[in-house]
Each structure stands twice: as C-alpha cells, then as structure tokens.
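Q: Below is the file structure-v4.cif, which contains mmCIF, C-alpha atoms.
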```cif
data_coords
loop_
_atom_site.group_PDB
_atom_site.id
_atom_site.type_symbol
_atom_site.label_atom_id
_atom_site.label_comp_id
_atom_site.auth_asym_id
_atom_site.auth_seq_id
_atom_site.Cartn_x
_atom_site.Cartn_y
_atom_site.Cartn_z
ATOM 1 C CA MET T 177 -6.307 25.736 20.053
ATOM 2 C CA LYS T 178 -7.747 22.305 20.901
ATOM 3 C CA PHE T 179 -6.353 20.997 17.615
ATOM 4 C CA ALA T 180 -2.919 22.426 18.406
ATOM 5 C CA ILE T 181 -2.902 20.860 21.873
ATOM 6 C CA SER T 182 -4.082 17.506 20.559
ATOM 7 C CA PHE T 183 -1.446 17.596 17.827
ATOM 8 C CA ALA T 184 1.282 18.414 20.340
ATOM 9 C CA VAL T 185 0.227 15.566 22.630
ATOM 10 C CA ALA T 186 0.096 13.139 19.718
ATOM 11 C CA PHE T 187 3.499 14.282 18.489
ATOM 12 C CA LEU T 188 5.011 13.876 21.946
ATOM 13 C CA ALA T 189 3.554 10.393 22.275
ATOM 14 C CA LEU T 190 4.919 9.447 18.858
ATOM 15 C CA PHE T 191 8.349 10.903 19.722
ATOM 16 C CA GLN T 192 8.538 9.003 22.985
ATOM 17 C CA THR T 193 7.557 5.803 21.188
ATOM 18 C CA ALA T 194 10.383 6.268 18.710
ATOM 19 C CA PHE T 195 12.829 7.448 21.412
ATOM 20 C CA PRO T 196 11.640 6.134 24.783
ATOM 21 C CA TYR T 197 13.249 7.500 27.921
ATOM 22 C CA PRO T 198 16.125 5.269 29.072
ATOM 23 C CA ALA T 199 15.344 2.813 31.844
ATOM 24 C CA ALA T 200 16.279 3.813 35.389
ATOM 25 C CA THR T 201 19.760 2.795 36.519
ATOM 26 C CA SER T 202 20.585 2.241 40.182
ATOM 27 C CA ILE T 203 24.006 3.541 41.317
ATOM 28 C CA ASP T 204 25.910 2.623 44.472
ATOM 29 C CA TRP T 205 27.526 5.992 45.191
ATOM 30 C CA THR T 206 29.686 4.530 47.966
ATOM 31 C CA GLN T 207 31.770 2.908 45.227
ATOM 32 C CA VAL T 208 32.335 6.159 43.297
ATOM 33 C CA ARG T 209 35.673 7.967 43.705
ATOM 34 C CA PRO T 210 37.444 10.925 42.085
ATOM 35 C CA ILE T 211 39.184 9.858 38.893
ATOM 36 C CA GLU T 212 42.460 11.211 40.292
ATOM 37 C CA GLU T 213 42.549 8.454 42.914
ATOM 38 C CA PHE T 214 42.991 5.767 40.284
ATOM 39 C CA GLU T 215 46.467 4.408 39.683
ATOM 40 C CA HIS T 216 46.400 4.893 35.910
ATOM 41 C CA VAL T 217 46.204 8.647 36.525
ATOM 42 C CA ARG T 218 48.522 8.952 39.530
ATOM 43 C CA ALA T 219 51.254 6.759 38.079
ATOM 44 C CA TYR T 220 51.708 8.693 34.855
ATOM 45 C CA LEU T 221 51.671 12.302 35.962
ATOM 46 C CA PRO T 222 54.381 14.321 34.197
ATOM 47 C CA ALA T 223 57.563 15.220 36.028
ATOM 48 C CA LYS T 224 57.486 18.351 38.142
ATOM 49 C CA SER T 225 57.932 21.654 36.362
ATOM 50 C CA SER T 226 60.015 24.440 37.854
ATOM 51 C CA SER T 227 56.843 25.720 39.511
ATOM 52 C CA ASN T 228 56.943 22.639 41.750
ATOM 53 C CA SER T 229 53.480 21.727 40.495
ATOM 54 C CA THR T 230 52.506 18.634 38.574
ATOM 55 C CA PRO T 231 49.324 18.249 36.556
ATOM 56 C CA ASN T 232 46.372 17.049 38.599
ATOM 57 C CA ARG T 233 43.040 16.715 36.863
ATOM 58 C CA ARG T 234 40.912 18.771 38.772
ATOM 59 C CA VAL T 235 35.065 23.366 40.717
ATOM 60 C CA VAL T 236 36.418 25.038 43.774
ATOM 61 C CA ASN T 237 35.386 28.451 45.156
ATOM 62 C CA GLY T 238 32.543 28.610 42.644
ATOM 63 C CA GLN T 239 28.828 28.487 43.234
ATOM 64 C CA GLU T 240 25.938 26.058 42.938
ATOM 65 C CA ALA T 241 24.251 25.992 39.554
ATOM 66 C CA SER T 242 20.505 26.444 39.280
ATOM 67 C CA PRO T 243 18.628 23.379 38.005
ATOM 68 C CA GLY T 244 18.844 23.246 34.218
ATOM 69 C CA GLN T 245 21.446 26.031 33.981
ATOM 70 C CA PHE T 246 23.866 23.768 32.107
ATOM 71 C CA PRO T 247 21.704 21.343 30.102
ATOM 72 C CA TYR T 248 24.746 19.995 28.282
ATOM 73 C CA GLN T 249 26.510 18.835 31.472
ATOM 74 C CA VAL T 250 27.047 15.103 31.961
ATOM 75 C CA ALA T 251 28.202 13.213 35.050
ATOM 76 C CA LEU T 252 30.208 10.340 33.585
ATOM 77 C CA LEU T 253 30.750 7.213 35.696
ATOM 78 C CA GLY T 254 33.448 4.862 34.448
ATOM 79 C CA GLN T 255 33.942 1.269 35.622
ATOM 80 C CA PHE T 256 37.640 0.700 36.343
ATOM 81 C CA PRO T 257 39.156 -2.547 37.678
ATOM 82 C CA THR T 258 39.410 -1.059 41.173
ATOM 83 C CA GLY T 259 36.195 0.949 41.354
ATOM 84 C CA VAL T 260 34.028 3.584 39.706
ATOM 85 C CA GLY T 261 35.511 6.921 38.670
ATOM 86 C CA LEU T 262 33.551 10.168 38.362
ATOM 87 C CA CYS T 263 34.258 12.579 35.516
ATOM 88 C CA GLY T 264 32.413 15.225 33.537
ATOM 89 C CA ALA T 265 31.386 15.259 29.889
ATOM 90 C CA SER T 266 29.310 17.337 27.477
ATOM 91 C CA VAL T 267 26.319 16.377 25.351
ATOM 92 C CA LEU T 268 27.557 16.391 21.776
ATOM 93 C CA THR T 269 24.681 14.802 19.850
ATOM 94 C CA GLN T 270 21.769 12.476 20.555
ATOM 95 C CA ASN T 271 24.204 9.555 20.542
ATOM 96 C CA TYR T 272 27.559 10.929 21.719
ATOM 97 C CA VAL T 273 29.143 12.751 24.636
ATOM 98 C CA LEU T 274 32.577 14.398 24.666
ATOM 99 C CA THR T 275 35.023 13.879 27.530
ATOM 100 C CA ALA T 276 38.701 13.530 28.452
ATOM 101 C CA ALA T 277 40.529 10.391 27.361
ATOM 102 C CA HIS T 278 41.923 9.743 30.848
ATOM 103 C CA CYS T 279 38.315 9.335 32.046
ATOM 104 C CA VAL T 280 37.702 6.289 29.852
ATOM 105 C CA TYR T 281 41.052 4.469 29.575
ATOM 106 C CA THR T 282 42.877 2.428 32.205
ATOM 107 C CA SER T 283 46.146 2.780 30.310
ATOM 108 C CA PRO T 284 48.268 5.886 29.635
ATOM 109 C CA ASN T 285 47.285 5.570 25.963
ATOM 110 C CA THR T 286 44.341 4.156 24.013
ATOM 111 C CA ASP T 287 45.353 0.496 24.453
ATOM 112 C CA SER T 288 42.922 -0.313 27.281
ATOM 113 C CA PRO T 289 39.481 1.298 27.389
ATOM 114 C CA ILE T 290 37.366 0.782 30.482
ATOM 115 C CA VAL T 291 34.660 -1.884 30.264
ATOM 116 C CA GLY T 292 31.927 0.757 30.299
ATOM 117 C CA GLY T 293 29.924 2.957 32.600
ATOM 118 C CA THR T 294 26.926 5.265 32.893
ATOM 119 C CA ALA T 295 26.268 8.767 31.616
ATOM 120 C CA ILE T 296 23.950 10.804 33.858
ATOM 121 C CA LEU T 297 22.243 13.619 32.003
ATOM 122 C CA GLY T 298 19.885 16.353 33.244
ATOM 123 C CA ALA T 299 21.142 16.108 36.829
ATOM 124 C CA HIS T 300 21.269 18.849 39.422
ATOM 125 C CA ASN T 301 21.791 16.523 42.385
ATOM 126 C CA ARG T 302 23.593 13.404 41.170
ATOM 127 C CA MET T 303 22.749 11.497 44.362
ATOM 128 C CA VAL T 304 19.004 11.629 43.672
ATOM 129 C CA GLU T 305 17.356 10.065 40.643
ATOM 130 C CA GLU T 306 15.540 13.247 39.693
ATOM 131 C CA PRO T 307 12.676 13.179 37.159
ATOM 132 C CA SER T 308 14.825 15.310 34.835
ATOM 133 C CA GLN T 309 17.594 12.734 34.709
ATOM 134 C CA GLN T 310 18.427 10.156 32.080
ATOM 135 C CA ARG T 311 20.972 7.506 33.052
ATOM 136 C CA ILE T 312 22.323 5.792 29.957
ATOM 137 C CA PRO T 313 24.950 3.033 29.937
ATOM 138 C CA PHE T 314 27.870 2.710 27.555
ATOM 139 C CA THR T 315 30.393 -0.024 26.851
ATOM 140 C CA SER T 316 34.007 -0.159 25.711
ATOM 141 C CA ALA T 317 32.781 -0.591 22.135
ATOM 142 C CA GLY T 318 31.466 2.974 22.244
ATOM 143 C CA ILE T 319 34.707 4.573 23.468
ATOM 144 C CA ILE T 320 36.925 6.305 20.914
ATOM 145 C CA GLY T 321 39.970 8.136 22.201
ATOM 146 C CA HIS T 322 42.278 10.281 20.140
ATOM 147 C CA PRO T 323 44.984 8.000 18.666
ATOM 148 C CA GLY T 324 47.665 10.414 19.873
ATOM 149 C CA TYR T 325 46.479 10.344 23.477
ATOM 150 C CA THR T 326 49.205 9.880 26.038
ATOM 151 C CA LEU T 327 49.021 10.570 29.756
ATOM 152 C CA THR T 328 52.714 11.364 29.716
ATOM 153 C CA ASP T 329 52.632 15.168 29.450
ATOM 154 C CA VAL T 330 48.864 14.805 28.958
ATOM 155 C CA ARG T 331 48.671 15.119 25.168
ATOM 156 C CA ASN T 332 45.479 14.750 23.058
ATOM 157 C CA ASP T 333 43.399 14.166 26.188
ATOM 158 C CA ILE T 334 40.042 13.893 24.430
ATOM 159 C CA ALA T 335 37.533 11.129 23.660
ATOM 160 C CA VAL T 336 34.018 10.628 22.354
ATOM 161 C CA VAL T 337 31.666 8.055 23.877
ATOM 162 C CA ARG T 338 28.709 6.552 22.038
ATOM 163 C CA LEU T 339 25.905 5.753 24.451
ATOM 164 C CA ASP T 340 23.925 2.515 24.282
ATOM 165 C CA GLU T 341 20.618 4.368 23.836
ATOM 166 C CA PRO T 342 19.768 7.706 22.199
ATOM 167 C CA ILE T 343 19.482 10.728 24.437
ATOM 168 C CA VAL T 344 15.995 12.220 24.580
ATOM 169 C CA PHE T 345 16.432 15.975 24.429
ATOM 170 C CA THR T 346 14.339 17.915 26.948
ATOM 171 C CA GLU T 347 14.382 21.384 28.496
ATOM 172 C CA ARG T 348 17.013 20.077 30.929
ATOM 173 C CA ILE T 349 19.056 18.047 28.433
ATOM 174 C CA GLN T 350 20.453 19.718 25.320
ATOM 175 C CA PRO T 351 23.585 19.475 23.182
ATOM 176 C CA ILE T 352 26.108 22.286 23.393
ATOM 177 C CA ARG T 353 27.248 24.225 20.358
ATOM 178 C CA LEU T 354 30.854 23.867 19.182
ATOM 179 C CA PRO T 355 32.919 26.469 17.298
ATOM 180 C CA ALA T 356 32.404 26.637 13.550
ATOM 181 C CA ARG T 357 35.209 25.634 11.202
ATOM 182 C CA SER T 358 35.602 29.289 10.210
ATOM 183 C CA ASP T 359 35.912 30.431 13.830
ATOM 184 C CA THR T 360 39.594 31.261 14.320
ATOM 185 C CA ARG T 361 39.238 33.047 17.670
ATOM 186 C CA SER T 362 41.505 32.080 20.541
ATOM 187 C CA PHE T 363 38.678 33.096 22.962
ATOM 188 C CA ALA T 364 41.255 34.787 25.215
ATOM 189 C CA GLY T 365 39.677 37.609 27.207
ATOM 190 C CA LEU T 366 36.224 36.066 27.209
ATOM 191 C CA ILE T 367 34.758 34.874 30.495
ATOM 192 C CA GLY T 368 34.901 31.097 30.664
ATOM 193 C CA THR T 369 32.518 28.931 32.674
ATOM 194 C CA VAL T 370 33.694 25.569 33.995
ATOM 195 C CA SER T 371 31.143 23.266 35.601
ATOM 196 C CA GLY T 372 31.073 19.878 37.266
ATOM 197 C CA PHE T 373 30.361 17.652 40.277
ATOM 198 C CA GLY T 374 33.970 17.556 41.436
ATOM 199 C CA ILE T 375 35.537 18.618 44.732
ATOM 200 C CA TYR T 376 34.282 22.073 45.681
ATOM 201 C CA SER T 377 36.562 22.927 48.596
ATOM 202 C CA THR T 378 40.151 21.939 49.312
ATOM 203 C CA ALA T 379 39.316 22.237 53.016
ATOM 204 C CA ASN T 380 36.532 19.683 52.542
ATOM 205 C CA PRO T 381 37.800 17.409 49.738
ATOM 206 C CA ALA T 382 34.579 15.545 49.020
ATOM 207 C CA LEU T 383 32.745 15.206 45.748
ATOM 208 C CA SER T 384 29.868 17.615 45.330
ATOM 209 C CA ASP T 385 26.331 16.201 45.336
ATOM 210 C CA VAL T 386 25.130 19.143 43.232
ATOM 211 C CA LEU T 387 26.399 20.784 40.081
ATOM 212 C CA ASN T 388 28.734 23.726 40.626
ATOM 213 C CA TYR T 389 30.380 26.249 38.341
ATOM 214 C CA ALA T 390 33.100 28.893 38.381
ATOM 215 C CA LEU T 391 33.787 31.929 36.215
ATOM 216 C CA ASN T 392 37.204 33.227 35.193
ATOM 217 C CA PRO T 393 38.700 34.683 32.014
ATOM 218 C CA VAL T 394 40.107 32.503 29.266
ATOM 219 C CA ILE T 395 43.772 33.499 28.939
ATOM 220 C CA THR T 396 46.247 33.406 26.075
ATOM 221 C CA ASN T 397 48.447 30.366 25.719
ATOM 222 C CA ALA T 398 51.453 32.640 26.254
ATOM 223 C CA ASP T 399 50.091 33.712 29.642
ATOM 224 C CA CYS T 400 49.224 30.128 30.446
ATOM 225 C CA LEU T 401 52.727 29.021 29.552
ATOM 226 C CA ALA T 402 54.142 31.714 31.823
ATOM 227 C CA GLY T 403 51.857 30.508 34.613
ATOM 228 C CA TRP T 404 53.276 27.034 34.124
ATOM 229 C CA ASN T 405 56.850 28.360 34.119
ATOM 230 C CA GLY T 406 57.499 27.679 30.459
ATOM 231 C CA ALA T 407 56.454 24.019 30.457
ATOM 232 C CA THR T 408 56.143 23.761 26.661
ATOM 233 C CA GLN T 409 55.591 20.015 26.905
ATOM 234 C CA LEU T 410 52.303 20.737 28.709
ATOM 235 C CA ILE T 411 50.951 23.922 27.105
ATOM 236 C CA GLN T 412 50.647 23.697 23.326
ATOM 237 C CA GLU T 413 48.370 24.701 20.448
ATOM 238 C CA GLN T 414 46.045 21.823 21.305
ATOM 239 C CA ASN T 415 45.312 23.437 24.690
ATOM 240 C CA ILE T 416 43.218 26.348 25.963
ATOM 241 C CA CYS T 417 43.564 27.754 29.478
ATOM 242 C CA GLN T 418 41.442 29.507 32.092
ATOM 243 C CA SER T 419 42.787 31.857 34.744
ATOM 244 C CA GLY T 420 42.887 30.575 38.313
ATOM 245 C CA ASP T 421 42.299 34.046 39.792
ATOM 246 C CA GLY T 422 40.561 34.077 43.163
ATOM 247 C CA GLY T 423 41.268 30.375 43.628
ATOM 248 C CA ARG T 424 38.349 29.578 41.322
ATOM 249 C CA SER T 425 38.931 26.548 39.130
ATOM 250 C CA ALA T 426 37.954 23.062 38.180
ATOM 251 C CA CYS T 427 38.949 20.385 40.697
ATOM 252 C CA ASN T 428 39.176 16.606 41.124
ATOM 253 C CA SER T 429 36.501 14.748 39.121
ATOM 254 C CA ASP T 430 35.646 17.756 36.956
ATOM 255 C CA SER T 431 37.908 16.113 34.373
ATOM 256 C CA GLY T 432 36.330 15.774 30.940
ATOM 257 C CA GLY T 433 33.760 18.467 31.701
ATOM 258 C CA PRO T 434 32.994 21.622 29.737
ATOM 259 C CA LEU T 435 34.663 25.011 29.508
ATOM 260 C CA SER T 436 32.172 27.290 27.778
ATOM 261 C CA VAL T 437 31.953 30.939 26.774
ATOM 262 C CA GLN T 438 28.922 33.033 25.866
ATOM 263 C CA ASP T 439 28.572 33.604 22.133
ATOM 264 C CA ASN T 440 25.542 35.468 20.756
ATOM 265 C CA GLY T 441 23.608 34.626 23.897
ATOM 266 C CA ALA T 442 24.334 30.894 23.811
ATOM 267 C CA SER T 443 26.942 28.629 25.396
ATOM 268 C CA LEU T 444 29.832 27.624 23.158
ATOM 269 C CA LEU T 445 32.081 24.718 24.128
ATOM 270 C CA VAL T 446 35.720 25.761 23.821
ATOM 271 C CA GLY T 447 37.497 23.335 26.144
ATOM 272 C CA VAL T 448 37.445 19.907 27.816
ATOM 273 C CA VAL T 449 38.889 19.803 31.361
ATOM 274 C CA SER T 450 42.275 18.097 31.251
ATOM 275 C CA PHE T 451 44.568 19.083 34.141
ATOM 276 C CA GLY T 452 45.538 21.660 36.740
ATOM 277 C CA SER T 453 48.040 22.170 39.516
ATOM 278 C CA SER T 454 48.703 19.483 42.097
ATOM 279 C CA GLY T 455 49.582 22.326 44.444
ATOM 280 C CA GLY T 456 45.852 22.635 45.062
ATOM 281 C CA CYS T 457 42.831 23.532 43.024
ATOM 282 C CA ASP T 458 42.733 26.971 44.682
ATOM 283 C CA ASP T 459 46.423 27.876 44.262
ATOM 284 C CA GLY T 460 45.795 30.306 41.389
ATOM 285 C CA MET T 461 47.478 28.262 38.658
ATOM 286 C CA PRO T 462 45.729 28.237 35.254
ATOM 287 C CA THR T 463 43.568 25.228 34.488
ATOM 288 C CA VAL T 464 44.405 23.520 31.201
ATOM 289 C CA PHE T 465 41.862 22.114 28.756
ATOM 290 C CA ALA T 466 41.860 20.338 25.410
ATOM 291 C CA ARG T 467 41.002 23.043 22.852
ATOM 292 C CA VAL T 468 37.794 21.949 21.094
ATOM 293 C CA SER T 469 38.392 23.939 17.882
ATOM 294 C CA TYR T 470 41.754 22.163 17.467
ATOM 295 C CA TYR T 471 39.963 18.793 17.411
ATOM 296 C CA LEU T 472 36.911 19.622 15.260
ATOM 297 C CA ASP T 473 37.947 17.388 12.359
ATOM 298 C CA TRP T 474 38.700 14.471 14.671
ATOM 299 C CA ILE T 475 35.382 14.864 16.510
ATOM 300 C CA GLU T 476 33.483 14.883 13.204
ATOM 301 C CA GLN T 477 35.348 11.828 11.913
ATOM 302 C CA ASN T 478 34.644 9.797 15.047
ATOM 303 C CA SER T 479 31.041 10.698 15.864
ATOM 304 C CA ASP T 480 27.855 11.846 14.146
ATOM 305 C CA PHE T 481 28.576 15.487 14.981
ATOM 306 C CA VAL T 482 28.745 17.873 12.022
ATOM 307 C CA PRO T 483 30.384 21.248 12.698
ATOM 308 C CA ASP T 484 29.140 24.462 11.159
ATOM 309 C CA ALA T 485 31.148 25.778 8.238
#
```
Would it be possible to restate this file's structure as structure tokens?
A:
Amino acid sequence: MKFAISFAVAFLALFQTAFPYPAATSIDWTQVRPIEEFEHVRAYLPAKSSSNSTPNRRVVNGQEASPGQFPYQVALLGQFPTGVGLCGASVLTQNYVLTAAHCVYTSPNTDSPIVGGTAILGAHNRMVEEPSQQRIPFTSAGIIGHPGYTLTDVRNDIAVVRLDEPIVFTERIQPIRLPARSDTRSFAGLIGTVSGFGIYSTANPALSDVLNYALNPVITNADCLAGWNGATQLIQEQNICQSGDGGRSACNSDSGGPLSVQDNGASLLVGVVSFGSSGGCDDGMPTVFARVSYYLDWIEQNSDFVPDA
C-alpha cells in the first residue's frame, strides 16, 4: 500500500511537471456582456419568419447544476472591439474546445476572428476563481470556424478553438464524448440537457454567476421546422433541436454551449447552441443547435479529435 501511494504521488508530480496547471488569469467581469448585445450578432439576424420570431442566440427556467456535474462545460470569454462577450463551449480534447462560430468572429463569416480570449474550465461559479478552475487564454491563431459559416440564416455555426496551453484533466474537467461515425441516430425522443452561464430568467435578464441546466426532449427536425413555421432556411440537416416545453431553454450567452444526451450512462454531445426565438427564451419555441454528428469529419480535420468508428 505504501508503495502504491508513493507511486501515485510520484506519478502525479511527474504529470504536473509535464502539464503544469495554467497560471491564474484575472477577469474584470464588469466588462463582460451577453454575446447577443454585440453588433455583429444583432446586425445580421435573419429576416422574421411567419412566426414573428427571429433567431436570438440564447438557460431559463432550469436549475442550478451541482459542482462538477458537467465537467465538459466551458465559459468562453471573447475579446471583441467593443467589449468582452460570454459564450459557452465544450471540452473536446486536451488542446481544443468546441463552440459556435458567432462566439469567435466579429464578422458574419470567417473573415474576421476575434483577437482572442479566455476559456474558463471547471467552474461552478464563474465570478470566483475556484480551486477547480483552469483559465486558459487563446488567440486568433487558434480559432478555426467552418468555412461555410454565415450569420445570415445562421448556417454552419460551429468552430474549434485551440487553447494556448494544454488542459489538465481533473475530476472537474473532462472531455465529452461525441457520436461515433457509425451512429446514425437522430436522437429525437431522448432527453437533452443544455447547460450554461447565460441569462436564467427573462424577468431578471442578468447573466448567471453559477452554472445552470435545463432538460427537455430532443425533437425531430420535422417538428422543429413546424415550430419555426416552415423556415427551411433555418432548420436543415445540419441542425438538431430541443423542445421549448415549459419555457425551459438555453438563453443569451449560452451560445456555443453543449446539448447532451445520456448514452450508456455517459454524456454524449449532440449539439452546439446556435439560436432560439427572439420572442423570449421562455416562449416555448424550439432551440436550434448545430448537429455534432453532421460535422464529425470537419471537427476531426481541424483539431486533434479522433471520432470512434
């Protein structure tokens, strides 16, 4: 037993020497705003559909997560010309996180990436630099958005971000599993979990200090399309949707965050928060995500992630 303990301590010391914890990063939270307040998002929203709702990247009416419940969750701070935007992201590998393209570009396409930002991992309360947290910077050189990304009609709204330092995996920080290549499920009917630090009440539209989550079924694209009154320019094969029943949904600054389902007792990432109804996060409209299985090849080609067969 003494040998085992000594070996474990020595191994941990060696691991931390090879992959030291990232240095602490101070954040002025008074400068952080919901991503939806930035002009590059507001100016390029699609035209109104017949439902009189326009896409608005937007967890309301959910509940507070327990510390460590979602070890793959990232709070992603992006430095824009007019301030700092808050989004979500998911831990993909030791070097990469996965997010929405509109969280890391100032343009309605991939012409102008932001200068950089900070990924906060292992956080329960983002306002406090908790011992579980790692705050790792990234620069524009690490941002890779899908080449077909356009904010007009919100197509291919997905990006990978390479961090400046490797993530040190801990009990509170872990990568999330993605669907295998052979997984052809639509995931409709499964209960989806969306999580983030975004606005948690339309009556009190302030960013949440703590991580929240909401549960609702994943719905078919046909049902999603019906919910969006046939807006085929918005709901396509590249998307996956979650019901807005009970007014539970993602909300402002949850953009880029994870939609997961339970698969064999583990979380499986099936969507990246893209947009929802501007009629209000609690208006019952389906929330729309980038479908992760649709982009598996692109994710593999632009990061060090290797999907299962």
Q: For CA of Val464 in chain T and CA of Ile320 in chain T, quote the distance in Å rounded to one decimal.
A: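 These two atoms are separated by 21.4 Å.
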Q: Would you mind listing what lies within 10 Å of Ile475 in chain T as a list in words, with all atoms listed in the file counted and same-chain residues fewer than 4 positions away left out?
A: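 Listing them by chain and then by number gives Leu268, Leu274, Ile320, Gly321, His322, Ile334, Ala335, Val336, Val468, Ser469, Tyr470, Tyr471, Ser479, Asp480, Phe481, Val482 and Pro483 of chain T.
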Q: Rounded to one decimal in Å, what is the spacing between CA of Val250 in chain T and CA of Ser431 in chain T?
A: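 A separation of 11.2 Å between them.
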Q: Residues within 8 Å of Ala276 in chain T, please, as an MDAnalysis selection string. Count only C-alpha atoms; anything in the same chain fewer than 5 positions from it doesn't count.
A: chainID T and resid 265 333:335 431:433 448:450
Q: Measuring between only C-alpha atoms, which one of T:Asp385, T:Asp399, T:Glu212, T:Asp359 shows the shortest distance to Ile416 in chain T?
A: T:Asp399
Q: On this structure, which residues satisfy the PyMOL selection byres ((chain T and resi 267) around 9), written as a PyMOL selection string?
A: chain T and resi 247-250+265-266+268-274+297+343+349-352
Q: Take every atom of range 335-354 of chain T listed in the file, fit an axis-aligned box around them, add 4 Å per side, and give the centre and edge lengths in Å to one decimal as lines of an AutoDock Vina configuration file.
A:
```
center_x = 25.9
center_y = 13.4
center_z = 25.1
size_x = 31.2
size_y = 29.7
size_z = 19.7
```
Q: Evaluated on this file, the PyMOL selection byres ((chain T and resi 394) around 8) picks out some residues - which ones are they, written as a compact mmCIF listing (two decimals) with C-alpha atoms, keeping the file's coordinate frame?
A:
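Contents of the output file part.txt:
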```
# COMPACT_ATOMS: atom_id res chain seq x y z
CA PHE T 363 38.68 33.10 22.96
CA ALA T 364 41.26 34.79 25.22
CA GLY T 365 39.68 37.61 27.21
CA LEU T 366 36.22 36.07 27.21
CA ILE T 367 34.76 34.87 30.50
CA GLY T 368 34.90 31.10 30.66
CA ASN T 392 37.20 33.23 35.19
CA PRO T 393 38.70 34.68 32.01
CA ILE T 395 43.77 33.50 28.94
CA THR T 396 46.25 33.41 26.08
CA ILE T 416 43.22 26.35 25.96
CA CYS T 417 43.56 27.75 29.48
CA GLN T 418 41.44 29.51 32.09
CA SER T 419 42.79 31.86 34.74
```
Q: State, in Å with one decimal place, the distance from CA of Leu262 in chain T to CA of Val446 in chain T.
A: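 Result for CA of Leu262 in chain T versus CA of Val446 in chain T: 21.4 Å, one decimal.
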Q: So which one's closest to Val337 in chain T, T:Phe373, T:Phe314, T:Trp205, T:Trp474? Using all atoms listed in the file, please.
A: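 With all atoms listed in the file as the atom set, the closest residue is T:Phe314.
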Q: So, counting all atoms listed in the file, which residue among T:Ile296, T:Ala277, T:Ala356, T:Ala402 is closest to Leu339 in chain T?
A: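 Among the listed residues, T:Ile296 lies closest to Leu339 in chain T.
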